[in-house]
file final_32.cif (mmCIF, C-alpha atoms)
data_run
loop_
_atom_site.label_atom_id
_atom_site.label_comp_id
_atom_site.auth_asym_id
_atom_site.auth_seq_id
_atom_site.Cartn_x
_atom_site.Cartn_y
_atom_site.Cartn_z
CA MET A 1 9.01 -50.57 -0.92
CA PRO A 2 6.97 -53.75 -1.34
CA GLU A 3 3.31 -53.33 -0.65
CA PRO A 4 1.23 -55.50 1.63
CA LEU A 5 -0.60 -58.32 -0.08
CA ASN A 6 -4.16 -57.53 -1.08
CA PRO A 7 -5.95 -60.81 -1.80
CA ALA A 8 -8.08 -59.07 -4.41
CA PHE A 9 -4.99 -58.31 -6.48
CA VAL A 10 -3.33 -61.73 -6.28
CA VAL A 11 -3.05 -63.98 -9.31
CA ARG A 12 -1.89 -67.54 -8.82
CA MET A 13 0.79 -68.87 -11.12
CA PRO A 14 0.03 -72.38 -12.38
CA ARG A 15 2.18 -75.25 -11.20
CA VAL A 16 2.30 -76.75 -14.67
CA ILE A 17 1.79 -74.83 -17.89
CA THR A 18 -0.83 -76.88 -19.69
CA THR A 19 -2.39 -75.85 -22.97
CA GLN A 20 -5.22 -74.14 -21.13
CA ALA A 21 -3.09 -72.57 -18.41
CA PRO A 22 -1.96 -69.42 -20.28
CA GLU A 23 -5.54 -68.58 -21.20
CA ASP A 24 -6.75 -69.12 -17.64
CA PHE A 25 -3.90 -67.02 -16.33
CA SER A 26 -4.73 -64.22 -18.81
CA VAL A 27 -8.36 -64.20 -17.74
CA ALA A 28 -7.40 -64.05 -14.07
CA LEU A 29 -4.88 -61.31 -14.74
CA GLN A 30 -7.34 -59.25 -16.74
CA THR A 31 -9.90 -59.55 -13.97
CA VAL A 32 -7.41 -58.07 -11.56
CA THR A 33 -6.00 -55.36 -13.83
CA ALA A 34 -9.51 -54.22 -14.70
CA THR A 35 -9.75 -52.87 -11.14
CA SER A 36 -6.73 -50.61 -11.73
CA PRO A 37 -4.59 -51.73 -8.81
CA THR A 38 -1.26 -50.06 -8.08
CA THR A 39 0.36 -53.44 -7.43
CA VAL A 40 -0.46 -56.90 -8.69
CA THR A 41 0.89 -59.89 -6.77
CA LEU A 42 1.76 -63.10 -8.53
CA ASP A 43 1.59 -66.09 -6.20
CA CYS A 44 4.38 -68.45 -7.25
CA THR A 45 3.87 -70.93 -4.41
CA ASP A 46 2.80 -73.74 -6.73
CA ILE A 47 5.82 -73.51 -9.00
CA ASP A 48 7.94 -76.55 -8.19
CA GLN A 49 10.02 -76.48 -11.34
CA VAL A 50 10.32 -73.11 -13.03
CA THR A 51 10.21 -73.42 -16.81
CA ALA A 52 10.55 -71.08 -19.76
CA ALA A 53 6.76 -71.12 -20.00
CA HIS A 54 6.52 -69.79 -16.44
CA VAL A 55 8.96 -67.01 -17.26
CA LYS A 56 6.88 -66.17 -20.31
CA LEU A 57 3.77 -65.79 -18.17
CA LEU A 58 5.63 -63.69 -15.63
CA TRP A 59 6.84 -61.40 -18.39
CA GLN A 60 3.35 -61.25 -19.88
CA ALA A 61 2.04 -60.16 -16.47
CA HIS A 62 4.73 -57.51 -16.21
CA MET A 63 3.88 -56.10 -19.66
CA GLU A 64 0.13 -56.00 -19.04
CA CYS A 65 0.55 -54.41 -15.64
CA SER A 66 2.98 -51.87 -17.05
CA MET A 67 0.29 -50.75 -19.49
CA ILE A 68 -1.94 -49.71 -16.59
CA GLY A 69 0.89 -48.39 -14.46
CA ALA A 70 0.77 -51.23 -11.94
CA ALA A 71 3.82 -52.81 -10.35
CA VAL A 72 4.24 -56.57 -10.11
CA GLN A 73 5.46 -58.33 -7.02
CA LEU A 74 6.06 -62.01 -6.43
CA THR A 75 5.08 -63.98 -3.37
CA GLY A 76 5.99 -67.58 -2.59
CA ALA A 77 8.70 -67.47 -5.26
CA SER A 78 11.36 -70.02 -4.57
CA TYR A 79 15.10 -69.47 -4.68
CA TYR A 80 15.09 -71.12 -8.11
CA VAL A 81 12.48 -68.77 -9.56
CA TRP A 82 14.59 -65.78 -8.57
CA LYS A 83 17.73 -67.49 -9.80
CA VAL A 84 16.20 -67.97 -13.26
CA LEU A 85 14.90 -64.40 -13.41
CA LYS A 86 18.30 -63.09 -12.36
CA ALA A 87 20.03 -65.19 -15.01
CA LEU A 88 17.74 -63.62 -17.63
CA ASP A 89 18.23 -60.12 -16.19
CA LEU A 90 14.53 -59.97 -15.43
CA ASP A 91 14.60 -59.94 -11.63
CA SER A 92 14.65 -56.15 -11.44
CA TYR A 93 11.21 -56.00 -13.06
CA PHE A 94 9.57 -57.75 -10.14
CA LYS A 95 9.37 -56.78 -6.51
CA LYS A 96 9.42 -59.22 -3.63
CA ALA A 97 6.16 -59.37 -1.73
CA GLU A 98 6.50 -58.18 1.84
CA VAL A 99 5.42 -61.52 3.34
CA LEU A 100 8.56 -63.28 2.27
CA GLY A 101 11.19 -60.67 1.63
CA GLU A 102 10.92 -59.02 5.01
CA ALA A 103 10.80 -62.27 6.92
CA PHE A 104 14.13 -63.42 5.58
CA ALA A 105 15.93 -60.10 5.43
CA ASP A 106 15.11 -59.53 9.09
CA ARG A 107 16.90 -62.63 10.41
CA SER A 108 19.58 -62.10 13.01
CA SER A 109 22.27 -63.46 10.71
CA GLY A 110 21.78 -60.36 8.58
CA SER A 111 22.10 -62.31 5.38
CA SER A 112 19.91 -61.52 2.39
CA MET A 113 17.81 -64.09 0.63
CA GLU A 114 19.76 -64.18 -2.63
CA SER A 115 23.18 -64.53 -1.10
CA SER A 116 22.55 -67.29 1.45
CA MET A 117 19.49 -69.36 0.53
CA VAL A 118 20.51 -72.76 -0.69
CA PHE A 119 17.17 -74.54 -0.56
CA GLU A 120 13.76 -72.96 -0.39
CA ARG A 121 10.28 -74.38 -0.56
CA ALA A 122 6.81 -73.15 0.25
CA PHE A 123 4.47 -75.96 1.18
CA ARG A 124 0.80 -76.22 2.03
CA ILE A 125 0.06 -77.61 5.44
CA ASP A 126 -1.88 -80.64 4.28
CA ALA A 127 -0.08 -83.87 5.14
CA SER A 128 0.55 -84.73 1.51
CA ASP A 129 2.38 -81.52 0.63
CA VAL A 130 4.34 -81.64 3.89
CA GLN A 131 5.52 -85.10 2.87
CA THR A 132 6.44 -83.91 -0.62
CA ALA A 133 8.39 -80.98 0.78
CA GLN A 134 10.18 -83.30 3.18
CA ASP A 135 11.12 -85.64 0.35
CA GLU A 136 12.49 -82.75 -1.70
CA PHE A 137 14.44 -81.51 1.30
CA LEU A 138 16.02 -84.93 1.74
CA HIS A 139 16.79 -85.12 -1.95
CA PHE A 140 18.53 -81.77 -1.66
CA LEU A 141 20.58 -82.96 1.32
CA ASP A 142 21.46 -86.10 -0.60
CA SER A 143 22.65 -84.02 -3.54
CA LEU A 144 25.04 -82.23 -1.21
CA GLY A 145 26.42 -85.50 0.06
CA VAL A 146 25.12 -84.99 3.59
CA PRO A 147 25.70 -88.19 5.60
CA HIS A 148 22.54 -90.13 6.30
CA ALA A 149 22.85 -89.70 10.03
CA ASP A 150 22.72 -85.92 9.69
CA GLN A 151 19.96 -86.24 7.12
CA TYR A 152 17.85 -88.23 9.54
CA VAL A 153 18.16 -85.66 12.29
CA LEU A 154 17.26 -82.82 9.92
CA GLN A 155 14.35 -84.85 8.58
CA THR A 156 13.14 -85.28 12.14
CA ILE A 157 13.44 -81.57 12.88
CA PHE A 158 11.57 -80.69 9.69
CA TYR A 159 8.83 -83.21 10.39
CA GLU A 160 8.27 -82.12 13.99
CA VAL A 161 8.14 -78.40 13.18
CA ALA A 162 5.97 -78.84 10.08
CA THR A 163 3.60 -81.15 11.93
CA ASN A 164 3.37 -78.79 14.87
CA ILE A 165 2.42 -75.97 12.50
CA ARG A 166 -0.01 -78.19 10.64
CA LEU A 167 -1.80 -79.34 13.76
CA HIS A 168 -1.71 -76.27 15.98
CA ALA A 169 -1.19 -73.07 13.99
CA GLY A 170 -4.82 -72.76 12.96
CA LEU A 171 -3.99 -72.44 9.27
CA GLU A 172 -6.33 -73.38 6.43
CA PRO A 173 -5.20 -76.42 4.39
CA SER A 174 -4.44 -74.20 1.41
CA GLN A 175 -2.23 -71.85 3.40
CA THR A 176 1.48 -72.23 3.08
CA VAL A 177 4.55 -72.36 5.23
CA HIS A 178 7.79 -71.03 3.85
CA PHE A 179 10.81 -73.19 4.49
CA ALA A 180 14.41 -72.30 3.75
CA VAL A 181 17.77 -73.92 4.38
CA GLU A 182 21.17 -72.33 4.68
CA SER A 183 24.07 -74.71 4.67
CA GLU A 184 27.52 -73.67 5.87
CA PRO A 185 30.66 -75.71 6.47
CA GLU A 186 30.07 -75.98 10.22
CA ARG A 187 26.30 -75.74 10.58
CA VAL A 188 22.94 -75.75 8.90
CA GLN A 189 20.08 -73.38 9.54
CA LEU A 190 16.43 -74.17 8.88
CA THR A 191 13.89 -71.35 8.79
CA PHE A 192 10.14 -71.78 8.98
CA VAL A 193 7.76 -68.87 8.37
CA ASP A 194 4.04 -69.28 8.91
CA SER A 195 1.10 -66.94 9.36
CA GLY A 196 -0.59 -68.96 12.08
CA THR A 197 -1.40 -68.17 15.67
CA PRO A 198 1.50 -66.87 17.75
CA PHE A 199 3.57 -69.64 19.23
CA ASN A 200 7.04 -69.50 20.70
CA PRO A 201 8.45 -73.05 20.91
CA ILE A 202 11.39 -71.82 22.98
CA GLN A 203 9.20 -70.74 25.87
CA ALA A 204 6.62 -73.49 25.57
CA ASP A 205 6.32 -76.07 28.31
CA ILE A 206 8.17 -79.19 27.30
CA SER A 207 6.91 -82.57 28.40
CA LYS A 208 9.87 -84.75 29.17
CA VAL A 209 9.12 -88.11 27.67
CA THR A 210 10.57 -90.06 30.57
CA LYS A 211 8.30 -88.46 33.14
CA SER A 212 5.66 -90.89 34.27
CA ASP A 213 2.73 -88.63 33.49
CA ALA A 214 4.06 -87.84 30.03
CA ARG A 215 4.31 -91.50 29.25
CA LYS A 216 0.95 -92.38 30.65
CA ASP A 217 -0.92 -89.42 29.21
CA ARG A 218 0.97 -89.43 25.92
CA LYS A 219 1.59 -85.71 25.93
CA PRO A 220 2.91 -84.29 22.65
CA LEU A 221 6.65 -84.77 22.49
CA GLY A 222 7.47 -82.88 19.30
CA LEU A 223 8.84 -79.85 21.16
CA GLU A 224 11.01 -82.09 23.32
CA VAL A 225 12.45 -83.61 20.17
CA LEU A 226 13.05 -80.19 18.66
CA HIS A 227 14.82 -78.87 21.75
CA LYS A 228 16.99 -81.93 22.03
CA LEU A 229 18.05 -82.07 18.39
CA ALA A 230 18.59 -78.35 17.78
CA ASP A 231 21.77 -76.62 18.87
CA ARG A 232 20.08 -73.25 18.75
CA LEU A 233 16.52 -72.01 18.38
CA ASP A 234 15.48 -68.49 17.53
CA TYR A 235 11.90 -67.30 17.38
CA ARG A 236 10.33 -64.00 16.55
CA ARG A 237 6.87 -62.76 15.80
CA LEU A 238 6.89 -60.42 12.79
CA ASP A 239 4.35 -57.62 12.47
CA ASP A 240 2.04 -59.63 14.72
CA THR A 241 1.20 -61.73 11.65
CA ARG A 242 3.96 -64.29 11.18
CA ASN A 243 5.92 -66.77 13.22
CA VAL A 244 9.56 -67.05 12.21
CA LEU A 245 11.39 -70.01 13.69
CA VAL A 246 15.07 -70.58 13.02
CA VAL A 247 16.55 -73.94 13.93
CA GLU A 248 20.29 -74.31 13.87
CA ARG A 249 22.31 -77.49 14.13
CA LYS A 250 26.02 -78.09 13.83
CA TRP A 251 27.06 -80.82 11.47
CA ARG A 252 28.02 -83.91 13.40
CA MET A 253 29.44 -86.03 10.64
CA LYS A 254 32.57 -84.54 9.11
CA GLU A 255 32.97 -86.85 6.14
CA TRP A 256 31.29 -85.22 3.19
CA LYS A 257 31.34 -86.30 -0.38
CA LYS A 258 30.74 -82.72 -1.46
CA SER A 259 31.17 -79.30 0.14
CA PRO A 260 28.20 -78.51 2.42
CA SER A 261 28.11 -74.91 1.27
CA ARG A 262 28.01 -75.73 -2.43
CA ASN A 263 25.20 -73.95 -4.21
CA ALA A 264 22.73 -76.63 -5.16
CA SER A 265 21.51 -75.05 -8.39
CA MET B 1 7.99 -95.43 0.36
CA GLU B 2 6.33 -98.79 0.92
CA GLU B 3 2.92 -99.14 2.52
CA VAL B 4 3.09 -98.50 6.23
CA SER B 5 1.52 -101.50 7.90
CA ILE B 6 1.85 -103.06 11.32
CA THR B 7 1.82 -106.85 11.41
CA GLN B 8 1.66 -109.28 14.32
CA ARG B 9 2.88 -112.82 14.95
CA VAL B 10 2.16 -114.83 18.06
CA LEU B 11 5.28 -116.56 19.38
CA ASN B 12 3.78 -118.28 22.39
CA ASP B 13 1.03 -117.88 25.00
CA GLU B 14 2.54 -114.76 26.45
CA THR B 15 4.73 -113.36 23.69
CA ILE B 16 3.80 -111.58 20.49
CA LEU B 17 5.98 -110.08 17.76
CA VAL B 18 4.77 -106.79 16.29
CA SER B 19 6.52 -105.57 13.14
CA THR B 20 6.32 -101.94 12.05
CA GLY B 21 6.34 -100.60 8.52
CA ASP B 22 8.86 -98.05 7.30
CA THR B 23 7.27 -95.15 9.19
CA VAL B 24 5.67 -94.62 12.58
CA ASP B 25 4.47 -91.03 12.80
CA ASN B 26 1.33 -89.01 13.47
CA ALA B 27 -0.48 -90.84 10.69
CA ASN B 28 -0.25 -94.28 12.27
CA ALA B 29 1.05 -93.93 15.84
CA GLU B 30 -2.48 -94.41 17.11
CA GLU B 31 -2.74 -97.63 15.17
CA LEU B 32 0.41 -98.90 16.88
CA VAL B 33 -1.03 -98.00 20.27
CA LYS B 34 -4.21 -99.92 19.48
CA VAL B 35 -2.18 -102.96 18.47
CA LEU B 36 -0.13 -102.82 21.67
CA VAL B 37 -3.18 -102.26 23.87
CA SER B 38 -4.97 -105.13 22.17
CA ALA B 39 -2.01 -107.42 22.68
CA HIS B 40 -1.89 -106.51 26.35
CA GLU B 41 -5.61 -107.08 26.79
CA ARG B 42 -5.34 -110.46 25.09
CA GLY B 43 -2.84 -111.51 27.70
CA TYR B 44 0.45 -111.10 25.85
CA LYS B 45 2.73 -109.76 28.57
CA LYS B 46 5.81 -109.63 26.37
CA VAL B 47 5.64 -107.65 23.19
CA ILE B 48 8.56 -107.55 20.79
CA ILE B 49 8.50 -104.60 18.41
CA ASP B 50 10.57 -105.47 15.37
CA MET B 51 11.82 -102.28 13.71
CA ALA B 52 13.73 -103.92 10.87
CA LYS B 53 11.73 -102.00 8.27
CA LEU B 54 11.49 -98.77 10.22
CA GLU B 55 13.12 -95.82 8.49
CA PHE B 56 11.50 -92.97 10.39
CA LEU B 57 10.12 -92.71 13.91
CA SER B 58 8.50 -89.43 14.90
CA SER B 59 7.84 -88.10 18.37
CA ALA B 60 4.34 -89.51 18.11
CA GLY B 61 5.85 -92.92 17.57
CA VAL B 62 8.18 -92.53 20.54
CA GLY B 63 5.24 -91.52 22.68
CA ALA B 64 3.15 -94.42 21.47
CA ILE B 65 5.81 -96.93 22.39
CA PHE B 66 6.65 -95.32 25.69
CA SER B 67 3.02 -95.22 26.78
CA ARG B 68 2.88 -99.02 26.69
CA VAL B 69 6.13 -99.78 28.50
CA GLU B 70 4.81 -99.26 32.01
CA PRO B 71 1.61 -101.28 31.55
CA ALA B 72 3.67 -104.15 30.16
CA ARG B 73 6.16 -104.07 33.03
CA GLN B 74 3.51 -103.64 35.67
CA SER B 75 1.92 -106.89 34.52
CA GLY B 76 5.22 -108.71 34.74
CA GLY B 77 6.14 -108.44 31.09
CA ASP B 78 8.00 -105.97 28.92
CA LEU B 79 8.09 -104.12 25.64
CA ILE B 80 11.23 -105.07 23.73
CA LEU B 81 12.54 -103.30 20.67
CA CYS B 82 14.74 -105.07 18.16
CA ASN B 83 16.45 -104.32 14.84
CA VAL B 84 16.49 -100.63 15.67
CA SER B 85 18.43 -98.61 13.10
CA GLY B 86 21.37 -96.46 14.06
CA ASN B 87 19.48 -93.32 13.13
CA VAL B 88 16.51 -94.11 15.34
CA LEU B 89 18.81 -95.17 18.17
CA TYR B 90 20.65 -91.88 17.90
CA VAL B 91 17.46 -89.87 18.31
CA LEU B 92 16.28 -92.08 21.16
CA GLY B 93 19.64 -91.48 22.79
CA GLU B 94 19.42 -87.73 22.33
CA LEU B 95 16.02 -87.83 23.97
CA ASP B 96 17.48 -89.73 26.92
CA VAL B 97 14.89 -92.45 26.49
CA ALA B 98 17.00 -95.31 25.19
CA GLU B 99 18.12 -96.23 28.70
CA HIS B 100 14.50 -96.64 29.75
CA LEU B 101 13.74 -99.10 26.98
CA THR B 102 14.68 -102.73 26.46
CA ILE B 103 16.48 -102.81 23.13
CA MET B 104 17.89 -105.99 21.61
CA THR B 105 20.00 -106.33 18.49
CA SER B 106 17.88 -108.91 16.63
CA GLU B 107 14.50 -110.60 16.85
CA GLN B 108 16.30 -113.79 17.81
CA ASP B 109 17.87 -112.09 20.82
CA ALA B 110 14.59 -110.43 21.70
CA ALA B 111 12.74 -113.73 21.48
CA ALA B 112 15.42 -115.45 23.54
CA ARG B 113 14.95 -112.82 26.21
CA CYS B 114 11.30 -113.82 26.25
CA GLY B 115 12.18 -117.48 26.49
CA VAL B 116 11.25 -118.19 22.88
CA GLU B 117 13.46 -119.83 20.32
CA LEU B 118 12.87 -118.55 16.81
CA GLY B 119 13.33 -120.96 13.93
#
call {"tool": "encode", "arguments": {"input": "final_32.cif", "output": "structure tokens"}}
result
Amino acid sequence: MPEPLNPAFVVRMPRVITTQAPEDFSVALQTVTATSPTTVTLDCTDIDQVTAAHVKLLWQAHMECSMIGAAVQLTGASYYVWKVLKALDLDSYFKKAEVLGEAFADRSSGSSMESSMVFERAFRIDASDVQTAQDEFLHFLDSLGVPHADQYVLQTIFYEVATNIRLHAGLEPSQTVHFAVESEPERVQLTFVDSGTPFNPIQADISKVTKSDARKDRKPLGLEVLHKLADRLDYRRLDDTRNVLVVERKWRMKEWKKSPSRNAS
Amino acid sequence: MEEVSITQRVLNDETILVSTGDTVDNANAEELVKVLVSAHERGYKKVIIDMAKLEFLSSAGVGAIFSRVEPARQSGGDLILCNVSGNVLYVLGELDVAEHLTIMTSEQDAAARCGVELG
């Protein structure tokens, strides 16, 4: 059973493995293991492109933790990190941190993360990283051959939800939102998980843009956009700590260059 | 993505052409509002918003534009959109706001609607 995250036992994986990075990582890891924790968490949020050097550090962490009898769990690890570990038969050595694993396994669709995630990205809520995540999402849709019209709608949904979280969830700039996409032949499902203040966009009051007061007062219209563009919204509050929003939309354009359910890796 | 900048061109005493950059979102929607308010205060009753470069319009952008439609119409003018992409039109349609806006195909048509002939 994955253990709750203890910030004192979290070591951040470097985004890029520079010459100095392994040494810095070792120092950080030793600082944590010196306290004899039962579980060490490796924060993989910054890993955009998983490389052999990242795997080497992960394995190093596993070996050092094993020596003190500590388990290693990963948080913020993208679909691609797990894919690489699985390909190397190393995934069984690492547990999934509760923050992510439970959020996705608990979805109403009943699908597990490994079998249905096609795109996954954790992003910080500063405007720059939101933009980067959006660009990567669009690049992913492009790689699947999604028609531009559908891409634009999904881009809009992503932008409005991410911006709403960024502006109103009360998160620190360094905190992350986990974003995942499941693509199926008839529909696409976007999932956003954040640890901000509770907010149910399904029950929130929506300002209709054409109402005179909404126009004059310029009330926020992001929720209106979300409700209009989504075919289905599902919200739940997990453990009183996380918002999980699922946005579903049926594909409108039927002409695809590639199968929409093709695994992108 | 190119630099997002809003430019203006006076067409005649009561008409001004405002051109957006490739994005109007939370980062610059307020800037667009300021430009539109300024144009109104300077006496330009008819404002043409040329969206030829616009690739993405967020809800903040929609709100910014919509907030200036009534003031323009109440003073006998209008806010006219032109060169709106199919994607943006689709979202405006889904929001049921397209019918409340004046949307022309090109800046020439928009200018003609304002009684201005573009060279």
call {"tool": "resolve_selection", "arguments": {"input": "final_32.cif", "expression": "the PyMOL selection byres ((chain A and resi 247) around 10)", "output": "list in words"}}
result
Leu154, Ile157, Phe158, Val161, Val181, Val188, Gln189, Leu190, Thr191, Phe192, Leu226, His227, Leu229, Ala230, Asp231, Arg232, Leu233, Asp234, Tyr235, Val244, Leu245, Val246, Glu248 and Arg249 of chain A
call {"tool": "write_last_selection", "arguments": {"input": "final_32.cif", "atoms": "C-alpha atoms", "output": "short mmCIF file (atom, residue, chain, number, x, y, z; two decimals), keeping the file's coordinate frame"}}
result
data_model
loop_
_atom_site.label_atom_id
_atom_site.label_comp_id
_atom_site.auth_asym_id
_atom_site.auth_seq_id
_atom_site.Cartn_x
_atom_site.Cartn_y
_atom_site.Cartn_z
CA LEU A 154 17.26 -82.82 9.92
CA ILE A 157 13.44 -81.57 12.88
CA PHE A 158 11.57 -80.69 9.69
CA VAL A 161 8.14 -78.40 13.18
CA VAL A 181 17.77 -73.92 4.38
CA VAL A 188 22.94 -75.75 8.90
CA GLN A 189 20.08 -73.38 9.54
CA LEU A 190 16.43 -74.17 8.88
CA THR A 191 13.89 -71.35 8.79
CA PHE A 192 10.14 -71.78 8.98
CA LEU A 226 13.05 -80.19 18.66
CA HIS A 227 14.82 -78.87 21.75
CA LEU A 229 18.05 -82.07 18.39
CA ALA A 230 18.59 -78.35 17.78
CA ASP A 231 21.77 -76.62 18.87
CA ARG A 232 20.08 -73.25 18.75
CA LEU A 233 16.52 -72.01 18.38
CA ASP A 234 15.48 -68.49 17.53
CA TYR A 235 11.90 -67.30 17.38
CA VAL A 244 9.56 -67.05 12.21
CA LEU A 245 11.39 -70.01 13.69
CA VAL A 246 15.07 -70.58 13.02
CA GLU A 248 20.29 -74.31 13.87
CA ARG A 249 22.31 -77.49 14.13
#
call {"tool": "interface_residues", "arguments": {"input": "final_32.cif", "of": "chain B", "to": "chain A", "cutoff": "12 Å", "atoms": "all atoms listed in the file", "output": "number ranges by chain"}}
result
B: 1, 23-27, 29-30, 33, 55-71, 85-101
call {"tool": "resolve_selection", "arguments": {"input": "final_32.cif", "expression": "the PyMOL selection byres ((chain A and resi 58-67) around 9)", "output": "MDAnalysis selection string"}}
result
chainID A and resid 13 26 29:30 33 37:40 42 53:57 68:72 90 93:94
call {"tool": "write_last_selection", "arguments": {"input": "final_32.cif", "atoms": "C-alpha atoms", "output": "compact mmCIF listing (two decimals), in the coordinates of the input"}}
result
# COMPACT_ATOMS: atom_id res chain seq x y z
CA MET A 13 0.79 -68.87 -11.12
CA SER A 26 -4.73 -64.22 -18.81
CA LEU A 29 -4.88 -61.31 -14.74
CA GLN A 30 -7.34 -59.25 -16.74
CA THR A 33 -6.00 -55.36 -13.83
CA PRO A 37 -4.59 -51.73 -8.81
CA THR A 38 -1.26 -50.06 -8.08
CA THR A 39 0.36 -53.44 -7.43
CA VAL A 40 -0.46 -56.90 -8.69
CA LEU A 42 1.76 -63.10 -8.53
CA ALA A 53 6.76 -71.12 -20.00
CA HIS A 54 6.52 -69.79 -16.44
CA VAL A 55 8.96 -67.01 -17.26
CA LYS A 56 6.88 -66.17 -20.31
CA LEU A 57 3.77 -65.79 -18.17
CA ILE A 68 -1.94 -49.71 -16.59
CA GLY A 69 0.89 -48.39 -14.46
CA ALA A 70 0.77 -51.23 -11.94
CA ALA A 71 3.82 -52.81 -10.35
CA VAL A 72 4.24 -56.57 -10.11
CA LEU A 90 14.53 -59.97 -15.43
CA TYR A 93 11.21 -56.00 -13.06
CA PHE A 94 9.57 -57.75 -10.14
call {"tool": "closest_residue", "arguments": {"input": "final_32.cif", "among": "A:Asp43, A:Glu136, A:Asp126, A:Glu120", "to": "A:Asn164", "atoms": "only C-alpha atoms"}}
result
A:Asp126
call {"tool": "resolve_selection", "arguments": {"input": "final_32.cif", "expression": "the PyMOL selection byres ((chain B and resi 76-84) around 6)", "output": "list in words"}}
result
Lys45, Lys46, Val47, Ile48, Ile49, Asp50, Met51, Ala52, Val69, Ala72, Arg73, Gln74, Ser75, Ser85, Thr102, Ile103, Met104, Thr105, Ser106 and Glu107 of chain B
call {"tool": "atom_distance", "arguments": {"input": "final_32.cif", "atom1": "atom CA of A:Leu74", "atom2": "atom CA of A:Val50"}}
result
13.6 Å
call {"tool": "atom_distance", "arguments": {"input": "final_32.cif", "atom1": "atom CA of B:Val37", "atom2": "atom CA of A:Ile165"}}
result
29.2 Å
call {"tool": "closest_residue", "arguments": {"input": "final_32.cif", "among": "B:Arg113, B:Lys53, B:Lys34, B:His40", "to": "B:Asp22", "atoms": "only C-alpha atoms"}}
result
B:Lys53
call {"tool": "atom_distance", "arguments": {"input": "final_32.cif", "atom1": "atom CA of A:Ala169", "atom2": "atom CA of A:Arg121"}}
result
18.6 Å
call {"tool": "closest_residue", "arguments": {"input": "final_32.cif", "among": "B:Gln8, B:Thr15, B:Thr20, B:Asn28", "to": "B:Ala111", "atoms": "only C-alpha atoms"}}
result
B:Thr15
call {"tool": "closest_residue", "arguments": {"input": "final_32.cif", "among": "A:Val11, A:Leu238, A:Ile206, A:Val16", "to": "A:Asp194", "atoms": "all atoms listed in the file"}}
result
A:Leu238
call {"tool": "decode", "arguments": {"input": "final_32.cif", "residues": "stretch 142-152 of chain A", "atoms": "N, CA, C and O atoms", "output": "compact mmCIF listing (two decimals), in the first residue's frame"}}
result
# COMPACT_ATOMS: atom_id res chain seq x y z
N ASP A 142 -1.54 16.58 -32.36
CA ASP A 142 -1.09 16.66 -33.75
C ASP A 142 -0.48 15.34 -34.19
O ASP A 142 -0.69 14.88 -35.32
N SER A 143 0.26 14.71 -33.29
CA SER A 143 0.92 13.44 -33.63
C SER A 143 -0.10 12.34 -33.86
O SER A 143 0.17 11.36 -34.56
N LEU A 144 -1.29 12.50 -33.28
CA LEU A 144 -2.34 11.51 -33.49
C LEU A 144 -3.14 11.80 -34.75
O LEU A 144 -3.97 10.98 -35.15
N GLY A 145 -2.91 12.96 -35.33
CA GLY A 145 -3.68 13.34 -36.52
C GLY A 145 -5.03 13.93 -36.18
O GLY A 145 -5.94 13.91 -37.02
N VAL A 146 -5.18 14.44 -34.98
CA VAL A 146 -6.46 15.05 -34.59
C VAL A 146 -6.70 16.29 -35.44
O VAL A 146 -5.83 17.14 -35.56
N PRO A 147 -7.87 16.41 -36.07
CA PRO A 147 -8.16 17.59 -36.88
C PRO A 147 -8.04 18.87 -36.06
O PRO A 147 -8.34 18.88 -34.86
N HIS A 148 -7.64 19.94 -36.74
CA HIS A 148 -7.36 21.18 -36.02
C HIS A 148 -8.59 21.73 -35.29
O HIS A 148 -8.46 22.37 -34.26
N ALA A 149 -9.74 21.50 -35.85
CA ALA A 149 -10.95 22.01 -35.20
C ALA A 149 -11.12 21.36 -33.82
O ALA A 149 -11.42 22.03 -32.84
N ASP A 150 -10.93 20.06 -33.76
CA ASP A 150 -11.02 19.37 -32.47
C ASP A 150 -9.88 19.80 -31.56
O ASP A 150 -10.05 19.95 -30.35
N GLN A 151 -8.69 19.99 -32.15
CA GLN A 151 -7.56 20.43 -31.35
C GLN A 151 -7.86 21.77 -30.68
O GLN A 151 -7.54 21.97 -29.51
N TYR A 152 -8.48 22.67 -31.42
CA TYR A 152 -8.73 23.99 -30.89
C TYR A 152 -9.68 23.93 -29.70
O TYR A 152 -9.50 24.61 -28.69
